[in-house]
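coords_25.txt follows; it contains compact mmCIF, C-alpha atoms.
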```
# COMPACT_ATOMS: atom_id res chain seq x y z
CA MET A 1 121.36 -26.79 119.16
CA LEU A 2 121.67 -28.31 122.63
CA ARG A 3 122.98 -24.97 123.96
CA THR A 4 120.00 -23.14 122.40
CA LEU A 5 117.59 -25.66 123.92
CA LEU A 6 119.21 -25.31 127.34
CA LEU A 7 119.04 -21.53 127.10
CA PHE A 8 115.41 -21.67 126.00
CA THR A 9 114.54 -24.05 128.86
CA PHE A 10 116.32 -21.78 131.31
CA LEU A 11 114.39 -18.80 129.93
CA LEU A 12 111.06 -20.60 130.29
CA ILE A 13 111.83 -21.69 133.84
CA GLN A 14 112.88 -18.19 134.79
CA THR A 15 109.85 -16.65 133.10
CA HIS A 16 107.59 -18.66 135.37
CA ALA A 17 109.67 -18.12 138.46
CA ILE A 18 110.85 -14.52 138.24
CA GLY A 19 109.14 -11.12 138.31
CA ARG A 20 108.86 -7.65 139.82
CA PRO A 21 106.02 -5.19 140.43
CA ILE A 22 107.85 -2.02 139.55
CA SER A 23 104.93 -1.08 137.35
CA TYR A 24 101.23 -1.84 137.20
CA SER A 25 99.93 -4.77 135.18
CA GLY A 26 100.36 -3.87 131.52
CA GLY A 27 102.81 -1.06 132.28
CA THR A 28 106.17 -0.38 130.67
CA THR A 29 109.11 1.15 132.53
CA VAL A 30 112.34 2.67 131.26
CA MET A 31 115.06 3.22 133.85
CA GLN A 32 118.56 4.52 133.35
CA ASN A 33 121.21 4.55 136.08
CA ASN A 34 124.49 6.38 135.64
CA GLY A 35 126.32 5.53 138.84
CA PRO A 36 129.89 5.70 140.09
CA ILE A 37 130.99 2.42 138.49
CA LYS A 38 128.60 1.77 135.62
CA HIS A 39 125.88 2.92 133.26
CA ASN A 40 122.73 0.81 133.15
CA ILE A 41 119.55 0.85 131.07
CA HIS A 42 116.66 -1.46 131.90
CA ILE A 43 113.45 -1.50 129.87
CA HIS A 44 110.80 -3.87 131.13
CA TYR A 45 107.19 -4.84 130.71
CA THR A 46 104.96 -5.92 133.60
CA PRO A 47 102.34 -8.54 132.66
CA HIS A 48 101.37 -8.91 136.35
CA TYR A 49 102.30 -6.90 139.42
CA THR A 50 104.42 -9.78 140.72
CA TYR A 51 106.83 -9.99 137.79
CA SER A 52 108.32 -8.18 134.83
CA ILE A 53 110.62 -9.03 131.95
CA GLY A 54 112.87 -6.83 129.89
CA TYR A 55 116.15 -5.91 128.30
CA VAL A 56 119.18 -4.78 130.29
CA TRP A 57 122.42 -3.12 129.19
CA GLU A 58 125.30 -2.32 131.51
CA HIS A 59 128.62 -0.63 130.77
CA TYR A 60 131.49 -0.67 133.30
CA ARG A 61 133.68 2.34 132.65
CA ASN A 62 136.92 1.27 134.37
CA ASP A 63 137.10 -2.21 132.85
CA ASP A 64 135.28 -1.34 129.61
CA ILE A 65 132.84 -4.25 130.00
CA ASP A 66 129.48 -4.32 128.22
CA LEU A 67 126.62 -6.57 129.27
CA ASN A 68 123.58 -7.17 127.08
CA GLY A 69 120.95 -9.39 128.59
CA ILE A 70 117.41 -10.37 129.39
CA GLN A 71 116.33 -9.54 132.91
CA LEU A 72 113.49 -11.08 134.85
CA ASN A 73 112.23 -9.60 138.12
CA TYR A 74 110.03 -11.25 140.73
CA LEU A 75 108.30 -9.93 143.83
CA ILE A 76 108.89 -12.52 146.56
CA HIS A 77 106.82 -10.75 149.16
CA ARG A 78 105.23 -7.39 149.90
CA TRP A 79 104.49 -6.23 153.42
CA HIS A 80 101.50 -3.89 153.66
CA TYR A 81 101.00 -1.40 156.45
CA LEU A 82 98.69 1.59 156.40
CA HIS A 83 101.55 4.09 156.24
CA ALA A 84 104.40 1.86 155.02
CA GLN A 85 105.33 -0.72 152.43
CA GLY A 86 108.11 -3.32 152.34
CA ASN A 87 109.18 -5.40 149.35
CA LEU A 88 111.50 -8.32 148.77
CA TYR A 89 112.55 -8.98 145.16
CA PHE A 90 114.52 -11.63 143.34
CA LYS A 91 115.98 -10.59 140.00
CA THR A 92 118.05 -12.46 137.47
CA ALA A 93 119.63 -11.64 134.13
CA PHE A 94 121.66 -13.47 131.57
CA GLY A 95 123.18 -12.68 128.20
CA ASP A 96 126.40 -11.59 126.55
CA ALA A 97 129.38 -10.04 128.35
CA GLU A 98 131.90 -8.31 126.08
CA GLN A 99 135.37 -6.94 126.81
CA SER A 100 138.03 -6.13 124.20
CA SER A 101 136.09 -8.06 121.53
CA GLN A 102 136.05 -11.18 123.75
CA HIS A 103 132.62 -12.59 124.58
CA ASP A 104 131.34 -14.58 127.56
CA LEU A 105 127.92 -15.81 128.52
CA TYR A 106 127.04 -14.18 131.84
CA ALA A 107 124.36 -14.62 134.50
CA MET A 108 123.36 -12.37 137.38
CA VAL A 109 121.29 -13.08 140.47
CA ASN A 110 120.06 -10.27 142.69
CA LEU A 111 118.24 -10.13 146.01
CA ALA A 112 116.81 -6.73 146.89
CA GLY A 113 114.61 -5.37 149.64
CA ASP A 114 113.14 -2.01 150.57
CA TYR A 115 110.98 -0.43 153.24
CA GLU A 116 109.44 3.00 152.89
CA THR A 117 106.97 5.40 154.38
CA GLN A 118 106.33 8.88 153.07
CA ARG A 119 109.06 10.09 155.45
CA ILE A 120 111.81 7.43 155.37
CA PHE A 121 113.27 5.11 152.77
CA THR A 122 115.66 2.19 153.28
CA SER A 123 116.88 -0.41 150.83
CA TYR A 124 119.47 -3.14 150.39
CA ASP A 125 120.59 -4.79 147.16
CA ALA A 126 123.06 -7.65 146.58
CA LYS A 127 124.14 -8.81 143.10
CA LEU A 128 126.31 -11.70 142.03
CA TYR A 129 127.65 -11.90 138.46
CA ARG A 130 129.31 -14.93 136.90
CA SER A 131 130.46 -15.57 133.34
CA ASN A 132 131.79 -18.67 131.64
CA GLY A 133 135.14 -16.96 131.08
CA HIS A 134 136.82 -14.29 133.19
CA ILE A 135 135.05 -11.15 131.97
CA MET A 136 132.34 -10.80 134.59
CA ASP A 137 132.88 -12.34 138.02
CA GLN A 138 131.72 -9.76 140.51
CA PHE A 139 129.81 -9.28 143.72
CA GLN A 140 128.14 -5.92 144.35
CA GLN A 141 126.04 -4.73 147.25
CA SER A 142 124.54 -1.40 148.17
CA ALA A 143 122.33 0.13 150.82
CA ARG A 144 120.35 3.35 150.90
CA LEU A 145 118.85 5.53 153.57
CA GLY A 146 116.58 8.41 152.64
CA VAL A 147 114.55 11.11 154.36
CA ALA A 148 111.81 13.27 152.87
CA PRO A 149 112.15 16.82 154.23
CA TYR A 150 108.43 17.42 153.63
CA ILE A 151 105.41 15.23 152.95
CA GLY A 152 103.74 15.96 149.63
CA ASP A 153 100.40 14.79 148.30
CA TYR A 154 99.68 12.97 145.05
CA GLY A 155 100.89 14.97 142.07
CA ASP A 156 103.19 17.18 144.12
CA LEU A 157 106.92 17.25 143.58
CA HIS A 158 108.36 14.86 146.17
CA THR A 159 111.92 15.40 147.32
CA TRP A 160 114.18 12.88 149.04
CA LEU A 161 117.62 13.36 150.52
CA MET A 162 119.46 10.05 150.31
CA LEU A 163 122.77 8.45 151.13
CA GLU A 164 123.95 5.40 149.20
CA LEU A 165 126.81 3.16 150.30
CA SER A 166 128.00 0.66 147.73
CA HIS A 167 130.55 -2.12 148.11
CA GLN A 168 132.11 -3.88 145.13
CA PRO A 169 135.10 -5.97 146.31
CA ASN A 170 136.03 -7.09 142.77
CA TYR A 171 135.97 -3.63 141.26
CA SER A 172 139.23 -2.14 139.96
CA GLY A 173 138.43 1.25 141.50
CA ASP A 174 137.28 2.17 145.02
CA THR A 175 135.67 -0.84 146.70
CA PHE A 176 133.54 1.34 148.99
CA ILE A 177 131.73 4.33 147.50
CA LEU A 178 129.49 6.76 149.36
CA THR A 179 127.06 8.85 147.32
CA PRO A 180 124.82 11.57 148.72
CA LEU A 181 121.97 12.22 146.31
CA VAL A 182 118.71 14.04 145.81
CA ARG A 183 115.68 12.20 144.47
CA LEU A 184 112.94 14.21 142.76
CA PHE A 185 109.71 12.36 142.15
CA LYS A 186 106.49 13.55 140.53
CA GLY A 187 103.71 11.34 139.19
CA THR A 188 105.34 8.59 137.16
CA LYS A 189 108.66 10.37 136.66
CA LEU A 190 111.68 10.07 138.93
CA VAL A 191 115.12 11.69 138.72
CA GLU A 192 118.14 11.26 141.02
CA ILE A 193 121.24 13.44 141.05
CA GLY A 194 124.27 12.84 143.27
CA TYR A 195 128.02 13.07 143.59
CA SER A 196 130.08 10.11 144.80
CA SER A 197 133.09 9.86 147.10
CA ASP A 198 135.19 8.80 144.08
CA HIS A 199 134.22 12.07 142.37
CA ARG A 200 131.70 10.76 139.88
CA LEU A 201 128.34 12.23 139.00
CA LEU A 202 125.28 10.08 139.63
CA PHE A 203 122.29 10.65 137.39
CA ASN A 204 119.37 8.19 137.38
CA TRP A 205 115.90 8.47 135.92
CA VAL A 206 112.79 6.30 135.72
CA LEU A 207 109.80 6.76 133.45
CA ARG A 208 106.62 4.70 133.57
CA PHE A 209 103.93 4.58 130.92
CA MET B 1 52.66 7.20 151.93
CA VAL B 2 53.95 9.90 149.62
CA ARG B 3 56.43 10.92 152.34
CA VAL B 4 57.73 7.35 152.62
CA LEU B 5 58.14 7.11 148.86
CA ILE B 6 60.06 10.39 148.75
CA MET B 7 62.34 9.23 151.57
CA MET B 8 62.99 5.91 149.84
CA THR B 9 63.82 7.70 146.58
CA LEU B 10 66.22 10.02 148.37
CA LEU B 11 67.93 7.11 150.12
CA MET B 12 68.32 5.15 146.88
CA THR B 13 69.70 8.18 145.04
CA SER B 14 72.26 8.90 147.75
CA ALA B 15 73.33 5.25 147.88
CA PHE B 16 74.31 5.35 144.20
CA ALA B 17 75.49 8.93 143.82
CA GLY B 18 77.55 9.32 147.01
CA ALA B 19 81.32 9.18 147.05
CA ILE B 20 83.08 5.95 148.01
CA LYS B 21 86.18 6.32 150.15
CA VAL B 22 88.66 3.46 149.87
CA GLN B 23 91.61 3.35 152.24
CA VAL B 24 94.56 1.40 150.83
CA LYS B 25 97.45 -0.03 152.82
CA GLY B 26 100.95 0.62 151.53
CA MET B 27 100.03 3.43 149.12
CA VAL B 28 103.09 5.46 150.06
CA CYS B 29 104.26 7.05 146.81
CA ASP B 30 103.07 8.57 143.53
CA PHE B 31 103.87 5.33 141.67
CA CYS B 32 101.44 3.41 143.90
CA ALA B 33 98.85 6.17 143.68
CA SER B 34 99.08 6.44 139.88
CA THR B 35 98.58 2.69 139.64
CA MET B 36 95.39 2.96 141.67
CA GLU B 37 94.21 6.00 139.72
CA ALA B 38 94.69 4.26 136.36
CA GLN B 39 92.95 1.13 137.63
CA PHE B 40 89.80 2.97 138.73
CA LYS B 41 89.72 5.46 135.85
CA ASN B 42 89.52 2.53 133.45
CA ASN B 43 86.35 1.25 135.13
CA PRO B 44 83.27 2.30 133.09
CA ASN B 45 81.21 2.90 136.25
CA VAL B 46 83.62 5.46 137.68
CA GLN B 47 83.10 9.18 137.00
CA SER B 48 86.15 10.54 138.82
CA VAL B 49 89.03 9.44 141.03
CA ASP B 50 90.67 11.59 143.68
CA ILE B 51 93.76 10.42 145.57
CA ASP B 52 94.70 11.57 149.05
CA LEU B 53 98.22 10.20 149.44
CA LYS B 54 98.65 11.47 153.00
CA GLY B 55 95.39 9.82 154.11
CA LYS B 56 96.04 6.74 151.91
CA THR B 57 92.51 7.23 150.58
CA ILE B 58 90.95 7.00 147.13
CA THR B 59 87.65 8.85 146.65
CA LEU B 60 85.50 7.47 143.85
CA GLU B 61 82.57 9.32 142.30
CA LEU B 62 80.38 6.98 140.30
CA LYS B 63 78.44 7.76 137.13
CA PRO B 64 74.72 8.36 137.67
CA GLY B 65 72.83 5.10 138.20
CA LYS B 66 76.04 3.04 138.47
CA ASN B 67 77.40 1.08 141.40
CA LEU B 68 80.65 -0.62 142.37
CA SER B 69 80.49 -3.36 144.98
CA ASP B 70 82.97 -3.69 147.85
CA LYS B 71 84.01 -7.02 146.36
CA THR B 72 84.83 -5.42 142.99
CA ILE B 73 86.75 -2.56 144.61
CA THR B 74 88.74 -4.97 146.79
CA SER B 75 89.53 -7.12 143.78
CA MET B 76 90.71 -4.11 141.73
CA VAL B 77 93.07 -3.04 144.51
CA THR B 78 94.35 -6.57 145.23
CA ASN B 79 95.00 -7.21 141.52
CA GLN B 80 97.56 -4.39 141.58
CA GLY B 81 99.37 -5.71 144.64
CA TYR B 82 97.80 -3.60 147.39
CA VAL B 83 95.44 -4.26 150.27
CA VAL B 84 92.18 -2.50 151.14
CA SER B 85 92.06 -1.26 154.72
CA LYS B 86 88.45 -0.06 154.71
CA ILE B 87 85.67 1.12 152.42
CA ASP B 88 83.31 3.91 153.51
CA ARG B 89 80.16 4.80 151.60
```
Let me see whether you can do it: turn the structure in this file into structure tokens.
Amino acid sequence: MLRTLLLFTFLLIQTHAIGRPISYSGGTTVMQNNGPIKHNIHIHYTPHYTYSIGYVWEHYRNDDIDLNGIQLNYLIHRWHYLHAQGNLYFKTAFGDAEQSSQHDLYAMVNLAGDYETQRIFTSYDAKLYRSNGHIMDQFQQSARLGVAPYIGDYGDLHTWLMLELSHQPNYSGDTFILTPLVRLFKGTKLVEIGYSSDHRLLFNWVLRF
Amino acid sequence: MVRVLIMMTLLMTSAFAGAIKVQVKGMVCDFCASTMEAQFKNNPNVQSVDIDLKGKTITLELKPGKNLSDKTITSMVTNQGYVVSKIDR
């Protein structure tokens, strides 16, 4: 009972403190990432452009770890320029971590930032995972640099050529992974396809409605 | 007198029927633009919305006899996390 109350209190605190404007107020987003080290699905609802809340599932292929959690995303600050936008987000998730039928309670904190114009895109993302056992104790960070070979208008197919460098010192595979990728973006639909330095296919997609 | 009345009528008509151009800071992608489009399309006074992503401009055509104040437009943009740079009528 005490554990449930603590969890509920934590959830309430986080609900007030966390958020993310990935969608417009009232919008729902489904995003799936299939990267070099993990699969990830995040479905979230945005009550206000400064925060969103949703469900997150992650599966780590090498270590066969599954995470099921609630994720809260919060926009710390947005920089507005006429031809550019910068964002700083804080994200957190917590829930169940499972490996070989063993279960831990896990938590994740994430600081992420991006800066983009219609021509260039840069981002940095740092995640820290901790669990009350030994299943999920990881640090992950990644950075991206992208260039748009042409500038499209609203409704056009936008194309980005990107390079992602990820670093995961606690991972059982390659700790540094480089992934060249192509991002295709039209309206509210986004798809990314790439191939990593550890010979894995990257396939990500985002859908807003 | 008749001439003055005609001129006044013409001026009033153009003030309500003309397009409003709203320049928005940070509208750099289709996600941002679709957010703005949905926001203005849902307003009962708006007839049509046209987005110029390269110019960071939203062109609003209002329904006959309807108006949308600068304050309302600014509020609609701000409520979605963006900033108005200028409004031309």
ask   = Residues of chain B within 12 Å of chain A, using only C-alpha atoms, as a ChimeraX atom specification?
value = /B:23-39,49-58,76-86
query = range 56-72 of chain A: which residues within 10 Å, counting all atoms listed in the file, same-chain residues fewer than 6 positions away excluded, as JSON, numbers by chain?
reply = {"A": [11, 14, 15, 16, 17, 18, 19, 20, 31, 32, 33, 34, 35, 36, 37, 38, 39, 40, 41, 42, 43, 44, 45, 90, 91, 92, 93, 94, 95, 96, 97, 98, 99, 100, 101, 102, 103, 104, 105, 106, 107, 108, 109, 135, 136, 171, 172, 173]}
inquiry  = For a test of reading the model, state the distance in Å between CA of Tyr55 in chain A and CA of His199 in chain A, rounded to one decimal.
reply    = 29.1 Å
ask   = Using all atoms listed in the file, which residues sit within 6 Å of Ala148 in chain A once same-chain residues fewer than 2 positions away are excluded, as number ranges by chain?
value = A: 119, 150, 159-160
note = One decimal place gives the CA of Pro169 in chain A-CA of Gln141 in chain A separation as 9.2 Å
task = Rounded to one decimal place, report the CA of Thr29 in chain A-CA of Val191 in chain A distance in Å.
result = 13.6 Å
task = Compile the contact shell of Ser48 in chain B as a ChimeraX atom specification: residues with an atom at most 8 Å away, counting all atoms listed in the file, same-chain residues fewer than 4 positions apart removed.
result = /B:41,60-62
